[in-house]
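Below you'll find the structure, written out as structure tokens, and then a few comments.
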Amino acid sequence: MNLSHVTRWMTPLCSAVLLATLWAPTSRAATPQVDVNWVLAKMARPAPMRTQFVEVRSSDYLKTPMRIFGEYSRPDNASMVRTVTAPYSEVTTLHGTTATITRGKSVRTFSLSRVPELAGMQSSFGALLSGDQSALKRDFTVSSNGTREKWTVLMTPKNASLSKQIKDITLYGRGAELRCIETRSLAGGQVQRTLLASAAAAVKSQTAEDALIALCHGK
């Protein structure tokens, strides 16, 4: 198995599936500047959860970015599942220290110890979802900008394995809703966008690229 290929698409998968926490919109008390601890507190979500997603994946081998539609779910605190429904069918399950990829009758299973940067991502965002902010800030430098009405959170990895693959992760949200995740890699500075919740629901197959970016950034 080509683990470098698996890492390339599963690293943003892990950030998305762990961060996509079905933030149901709640009352939005406006403040001059959003506090990063307020956002992180909203991230803590018990399982089970699920949300639809649209990944926009760029590559030097693709003439136009690929759009992948599906659903992220977290059936229990130890498991995370990515189900792709279009343009192909595939289910990836992260459970404990093991990853399993199922496509049709093909099933591949491997240990996350073979992909330490992915294991580090899983551990870090697991801490985020459980509300362990100290553990999260041990692996990332975290800062926020904007207001509670419209905010961004920048996460820069301090973890050695993650910092070899990822330059930073930016979260975009409105009120209590996480709408989009941008993962910027060190390899050419490529950005993968994962639209979530209401932003994902607004994407159609014919949605223009600039419209996708506007949805992600909440414009």
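Lettering and numbering for the structure tokens are positional, with chains as A, B, ... in the shown order, residues counted from 1 in each chain, and ligands counted from 1 in the shown order.
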Near range 179-185 of chain A, within 7 Å and counting only C-alpha atoms, which residues show up once chain neighbours fewer than 2 positions away are dropped, as a VMD selection string? chain A and resid 12 16 165 to 173 177 187 189 to 199 216
Where does DSSP see helix (DSSP H, G or I) in chain A, if you list the residues as a PyMOL selection string? chain A and resi 3-19+36-43+112-114+116-129+133-139+160-163+197-201+209-217
Excluding same-chain residues fewer than 4 positions from Ala208 in chain A, what lies within 12 Å of it counting only C-alpha atoms, as a PyMOL selection string? chain A and resi 56+64-65+67+202-204+212-215
How would the residues just picked look written out with C-alpha atoms as a short mmCIF file (atom, residue, chain, number, x, y, z; two decimals), in the first residue's frame?
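Done, and the output landed in again.cif:
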```cif
data_model
loop_
_atom_site.label_atom_id
_atom_site.label_comp_id
_atom_site.auth_asym_id
_atom_site.auth_seq_id
_atom_site.Cartn_x
_atom_site.Cartn_y
_atom_site.Cartn_z
CA VAL A 56 -12.58 20.21 -2.90
CA THR A 64 -9.84 20.88 -12.35
CA PRO A 65 -10.27 20.32 -8.58
CA ARG A 67 -15.33 17.47 -5.62
CA ALA A 202 -25.46 24.73 -0.60
CA VAL A 203 -22.94 23.12 -2.99
CA LYS A 204 -24.19 21.72 -6.29
CA LEU A 212 -17.22 27.50 -3.34
CA ILE A 213 -14.52 29.71 -1.84
CA ALA A 214 -17.14 32.31 -0.89
CA LEU A 215 -19.23 29.64 0.82
#
```
Sort by chain and increasing residue number a table of all residues of range 41-82 of chain A within 12 Å of range 135-153 of chain A, each with its closest pair of atoms and their distance in Å to one decimal, counting only C-alpha atoms, and write it as a Markdown table.
```
| residue | atom | partner | partner_atom | distance |
| --- | --- | --- | --- | --- |
| A:Ala41 | CA | A:Leu136 | CA | 11.9 |
| A:Lys42 | CA | A:Arg148 | CA | 11.2 |
| A:Met43 | CA | A:Leu136 | CA | 11.5 |
| A:Ala44 | CA | A:Leu136 | CA | 11.7 |
```
With N, CA, C and O atoms retained, could you export that selection as a compact mmCIF listing (two decimals), in the first residue's frame?
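File part.txt, as written:
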```txt
# COMPACT_ATOMS: atom_id res chain seq x y z
N ALA A 41 -14.44 25.73 23.12
CA ALA A 41 -15.47 25.14 23.98
C ALA A 41 -16.63 24.62 23.14
O ALA A 41 -17.23 23.58 23.44
N LYS A 42 -16.93 25.32 22.04
CA LYS A 42 -18.01 24.88 21.15
C LYS A 42 -17.63 23.62 20.39
O LYS A 42 -18.50 22.89 19.90
N MET A 43 -16.33 23.37 20.25
CA MET A 43 -15.88 22.19 19.52
C MET A 43 -16.19 20.89 20.27
O MET A 43 -16.34 19.84 19.66
N ALA A 44 -16.22 20.95 21.59
CA ALA A 44 -16.42 19.74 22.38
C ALA A 44 -17.82 19.18 22.11
O ALA A 44 -18.82 19.83 22.34
```
Determine, counting only C-alpha atoms, which protein, DNA and RNA residues have an atom within 10 Å of an atom of range 99-113 of chain A; residues of the same chain fewer than 3 positions away are not included. Present the result as a list of chain:residue names. A:Met1, A:Leu3, A:Val6, A:Met10, A:Ser79, A:Met80, A:Val81, A:Arg82, A:Thr83, A:Val84, A:Tyr88, A:Ser89, A:Glu90, A:Val91, A:Thr92, A:Thr93, A:Leu94, A:His95, A:Gly96, A:Pro116, A:Glu117, A:Leu118, A:Ala119, A:Gly120, A:Gln122
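Of the residues under consideration (A:Asp132, A:Thr85, A:Met121, A:Val54), A:Met121 shows the shortest atom-to-atom contact distance to Thr97 in chain A when counting only C-alpha atoms.
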So, counting only C-alpha atoms, which residue among A:Ser134, A:Leu186, A:Thr207, A:Ala78 is closest to Asn37 in chain A? A:Ser134
